[in-house]
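J.: Have a look at the structure that comes next, please.
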Amino acid sequence: MSHGTHRAGPQDGGGFRTDIPGLRAIAVALVVVGHAGWLPGGYVGVDVFFVVSGFLITGLLLKEAERTGRVSITDFYARRARRILPAATLVALATLALGTVVYGEVRAAESVRDAAWAAVFAINWSLAADGADYFAGGADASPFQHYWSLAVEEQFYVVWPLLVLAVAVLLVRRGRAAALRPVLAVVVTATIAASLAWSVQRTALEPGAAYFSTATRAWELAVGAGLALLVPLLLRLPAVLRALLALGGLVGLAVAGVVIDETSAFPGALALLPVLSTAALLAAGTGAEVPLVGRALAAAPVQWLGDRSYVLYLWHWPALVLLEAHLGTEPSPLQVLGAVAAAVVAAEATHRLVEAPLHTGRLRPSRPLSLALWPASVAVLVSSVVALEQRSDLDRDVGYFAEVARKQRSGGAYPQATRDPGRDVRVALARADRPVPDELEPPLSQLRADTFHRTTPGRCYARDAGTTTHDVCTIGDRRGDVDVVVLGDSHAGMLLPGLDSIGRDRGWKIRHLVKTGCPTAWTRSGSSPDCDEWRAWAMDRIAELEPDVAIVSTMAEDDHGARWYAGMERTLTMLQSRAEDVVLVGETPWVPQDVDLVACLEADGARVSDCTVDLDPETIEITEAERRLTDELGVGFVDPTPWLCRDGRCPVVIDDQVVYYFRGHLTVTFVHRLARVLGDALAAEVSRRFR
């Protein structure tokens, strides 16, 4: 994360504020330890950076505005350029170069695209639009993902200095320069209120997008700005209150790092804990008296880390991500420690050779040259991106889905369907030592797009947390005589393309109710706290539709024990009172989380056997429990495992088709392949008059 100087001005009590680099040290330590997997809430370190940045930058702007009645925008951006661009550009170029070595063609192309977004400080928009999961981590994460926080800061600082300048000029012209702080306090308060309210709302509805949004994060920088406005008051705080604020702030950050985790609704209201804790520490350190905590923050090792916090933040993430991509599996604790150590060494070198000399040292450029760093940085990174993209021939795959759709329309109900998936699996395993086919369906560059999200309109399912209703859309034969509903999470969603073909072939009119990330078992799911509300809504819609058949497919919750069993029993029993027949489609086998299918399949000399996975014992347990439950209730049951695995082995490529796009989710391509046998199996489980 970037930050301004920590040398205080007169309004800060003068002198060098050792607590500022101390806070930066805490922030970067939280982030690095969190990303290394050793602290669940370590990511709150970014919130610490935001508050400190808002405090420092606003302090500098106020000092200039109160002294001159103006703010030099060119000086401001020249300082920002010297501070952030040299190191950010260097690390981005190094990451690009290492990515071309570590990654295969597909992942390298994806990282090149992310580098372009990072170059223009807009990668947070790209991540939000792609629905990126900040907490997914691992080899699948972008090595440029951490640039999102720099993007948020720079987007905030496009507006904030101009606003301070406008207020200062307006008040000076009216002879009311003394009103600068009160007027800005009103602006800051309004910003905090509006941004925090938006953060709470968007975190509940779209947590992925909310995490990366400038609008949901602006209040954190504004809290720091508000503290800078309050410095004259903070200077008069009694020593006892300073000590309490410092201790409370330190404890608050420790609690945030331990209690907040990847399941927390963050940022939202929870971000108040690290933000206010940081504010308390900053307030405690404003003035001549330094509490005990302040002395600890002034310790030499802490100061050393704080001075290198920005460059360590830049280096640590690609070190961890590229290590896992290189290994092809989750690294051991010792390997993670090695990656962190390498990042520290790189940070030290960057600080000594680039950051310090160009920021305040002997190589410090003039204002015009500093301003030229902005276009120069963009030009260097974009030209590197263009050069790397010209090496890629992935453009040939862009029209893949259009061609598939054309074949689908002209090929009847089952143009790609197999009649004997068990035989296909047996043959695939027998040929597993052969090289991965050169031409895969879908191409690996399109694998992550071969999902039901591509074929199903967004209004027809609930994708975001907080969304508890959606349009009830129809697929299959819209004039069919058999009314079918499909209920479930993304495991039900992935079947929709195949069910569409089945419905058209069998005269089934199919309405679907799908909420991703929301298991259908009637238990409260940690992944989406409003699942109960959506389930109740869906059950009401099913009661209104009075379907002949209800088809259910869902991921089993991790414990899949008594609580899950009771929840599934409740769901299926409710469906039995609303539909003539109920069929549960069982759990699909899972690709382990640490297996990157794209990297595995595109590796030089890769064989199909290299990527074949074992049937997880947990999947077997879940399937047995589902079979027991459906037998007890008299509900139909379709087990897809024999179509995907044999003798405990599950190929991820059958013929030239990729089976999975992510963990337990089948590609649209492969669902079409299974459509015929899925239709036969469903029909066999329902009353004869509906077959």
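Chain labels run A, B, ... following the order of the structure tokens; each chain numbers its residues from 1, and ligands are numbered from 1 in the order shown.
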DSSP on the backbone: what in range 496-679 of chain A comes out helix (DSSP H, G or I), as a PyMOL selection string?
T.: chain A and resi 496-506+531-545+562-576+597-602+608-611+617-633+641-644+668-679
J.: Using only C-alpha atoms, which protein or nucleic acid residues come within 12 Å of Glu546 in chain A? Drop anything in the same chain fewer than 5 positions from it, and give the result as a list of chain:residue names.
T.: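 Within the cut-off, the hits are A:Val482, A:Asp483, A:Val484, A:Val485, A:Arg511, A:Met539, A:Asp540, A:Arg541, A:Leu575, A:Gln576, A:Ser577, A:Arg578, A:Ala579, A:Glu580, A:Asp581.
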J.: Quick one: residues within 6 Å of range 34-41 of chain A, only C-alpha atoms, excluding same-chain residues fewer than 5 positions away - as a PyMOL selection string?
T.: chain A and resi 257-258+260-261
J.: Residues as selected, N, CA, C and O atoms, written as a PDB file, in the first residue's frame, can you do that?
T.:
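Result file follows (again.pdb):
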```pdb
ATOM      1  N   GLY A 257      -7.808  -9.363  13.660  1.00  0.00           N
ATOM      2  CA  GLY A 257      -7.015 -10.339  12.926  1.00  0.00           C
ATOM      3  C   GLY A 257      -7.381 -11.773  13.242  1.00  0.00           C
ATOM      4  O   GLY A 257      -7.259 -12.662  12.397  1.00  0.00           O
ATOM      5  N   VAL A 258      -7.867 -12.012  14.463  1.00  0.00           N
ATOM      6  CA  VAL A 258      -8.182 -13.382  14.895  1.00  0.00           C
ATOM      7  C   VAL A 258      -9.646 -13.735  14.645  1.00  0.00           C
ATOM      8  O   VAL A 258      -9.964 -14.843  14.193  1.00  0.00           O
ATOM      9  N   ILE A 260     -12.181 -11.980  12.739  1.00  0.00           N
ATOM     10  CA  ILE A 260     -12.689 -11.819  11.375  1.00  0.00           C
ATOM     11  C   ILE A 260     -11.999 -12.843  10.475  1.00  0.00           C
ATOM     12  O   ILE A 260     -10.786 -13.051  10.566  1.00  0.00           O
ATOM     13  N   ASP A 261     -12.764 -13.492   9.599  1.00  0.00           N
ATOM     14  CA  ASP A 261     -12.171 -14.466   8.693  1.00  0.00           C
ATOM     15  C   ASP A 261     -12.854 -14.401   7.338  1.00  0.00           C
ATOM     16  O   ASP A 261     -13.616 -13.481   7.056  1.00  0.00           O
TER      17      ASP A 261
END
```
J.: Would you list the contacts of Glu355 in chain A as a PyMOL selection string, taking every protein, DNA or RNA residue within 12 Å and counting only C-alpha atoms, but skipping same-chain residues closer than 5 positions in sequence?
T.: chain A and resi 2+81-91+307-312+314+346-350+360-364
J.: Save out the residues we just selected, N, CA and C atoms, as a compact mmCIF listing (two decimals), in the first residue's frame.
T.:
```txt
# COMPACT_ATOMS: atom_id res chain seq x y z
N SER A 2 0.40 2.27 -0.65
CA SER A 2 1.14 3.52 -0.69
C SER A 2 0.86 4.32 0.57
N ALA A 81 3.44 10.26 -7.48
CA ALA A 81 4.14 9.51 -8.53
C ALA A 81 5.49 8.99 -8.04
N ARG A 82 6.26 9.90 -7.38
CA ARG A 82 7.57 9.47 -6.86
C ARG A 82 7.41 8.36 -5.83
N ARG A 83 6.33 8.45 -5.07
CA ARG A 83 6.15 7.51 -3.97
C ARG A 83 5.75 6.12 -4.43
N ILE A 84 4.81 6.03 -5.37
CA ILE A 84 4.22 4.72 -5.65
C ILE A 84 4.64 4.11 -6.98
N LEU A 85 4.94 4.93 -7.98
CA LEU A 85 5.08 4.36 -9.33
C LEU A 85 6.36 3.57 -9.56
N PRO A 86 7.53 4.05 -9.13
CA PRO A 86 8.74 3.27 -9.45
C PRO A 86 8.66 1.83 -8.93
N ALA A 87 8.33 1.67 -7.66
CA ALA A 87 8.27 0.32 -7.10
C ALA A 87 7.12 -0.49 -7.70
N ALA A 88 5.96 0.14 -7.85
CA ALA A 88 4.80 -0.58 -8.40
C ALA A 88 5.08 -1.06 -9.82
N THR A 89 5.73 -0.24 -10.62
CA THR A 89 6.04 -0.62 -11.99
C THR A 89 7.08 -1.74 -12.03
N LEU A 90 8.10 -1.61 -11.20
CA LEU A 90 9.14 -2.64 -11.15
C LEU A 90 8.56 -4.00 -10.77
N VAL A 91 7.75 -4.04 -9.73
CA VAL A 91 7.17 -5.31 -9.28
C VAL A 91 6.22 -5.87 -10.33
N ASP A 307 9.15 1.08 7.33
CA ASP A 307 9.73 1.82 6.21
C ASP A 307 9.72 1.01 4.92
N ARG A 308 9.62 -0.29 5.01
CA ARG A 308 9.61 -1.15 3.83
C ARG A 308 8.23 -1.79 3.60
N SER A 309 7.24 -1.28 4.29
CA SER A 309 5.91 -1.91 4.24
C SER A 309 5.31 -1.87 2.84
N TYR A 310 5.48 -0.77 2.13
CA TYR A 310 4.87 -0.65 0.79
C TYR A 310 5.48 -1.66 -0.18
N VAL A 311 6.81 -1.71 -0.22
CA VAL A 311 7.44 -2.62 -1.18
C VAL A 311 7.25 -4.08 -0.77
N LEU A 312 7.19 -4.34 0.54
CA LEU A 312 6.91 -5.72 0.96
C LEU A 312 5.49 -6.11 0.58
N LEU A 314 3.91 -5.06 -2.00
CA LEU A 314 3.93 -5.32 -3.45
C LEU A 314 4.52 -6.69 -3.78
N ALA A 346 13.56 -9.16 -1.56
CA ALA A 346 13.23 -8.31 -2.71
C ALA A 346 12.78 -6.93 -2.26
N ALA A 347 12.03 -6.87 -1.17
CA ALA A 347 11.57 -5.59 -0.65
C ALA A 347 12.73 -4.73 -0.18
N GLU A 348 13.69 -5.36 0.51
CA GLU A 348 14.85 -4.61 0.98
C GLU A 348 15.65 -4.05 -0.19
N ALA A 349 15.86 -4.88 -1.21
CA ALA A 349 16.60 -4.41 -2.39
C ALA A 349 15.85 -3.28 -3.09
N THR A 350 14.56 -3.43 -3.23
CA THR A 350 13.76 -2.40 -3.89
C THR A 350 13.76 -1.11 -3.09
N THR A 360 12.90 10.30 -1.80
CA THR A 360 13.46 11.44 -1.08
C THR A 360 14.98 11.52 -1.20
N GLY A 361 15.60 10.60 -1.92
CA GLY A 361 17.06 10.53 -1.96
C GLY A 361 17.69 11.27 -3.11
N ARG A 362 18.90 10.86 -3.42
CA ARG A 362 19.71 11.58 -4.40
C ARG A 362 19.17 11.50 -5.82
N LEU A 363 18.32 10.51 -6.10
CA LEU A 363 17.77 10.37 -7.45
C LEU A 363 16.38 10.99 -7.58
N ARG A 364 15.98 11.75 -6.57
CA ARG A 364 14.64 12.33 -6.56
C ARG A 364 14.45 13.22 -7.79
```
J.: Name all residues at most 12 Å from Gly507 in chain A (count only C-alpha atoms; drop same-chain ones fewer than 3 positions away) and give them as an MDAnalysis selection string.
T.: chainID A and resid 413 475:484 499:504 510 679 683 690:691
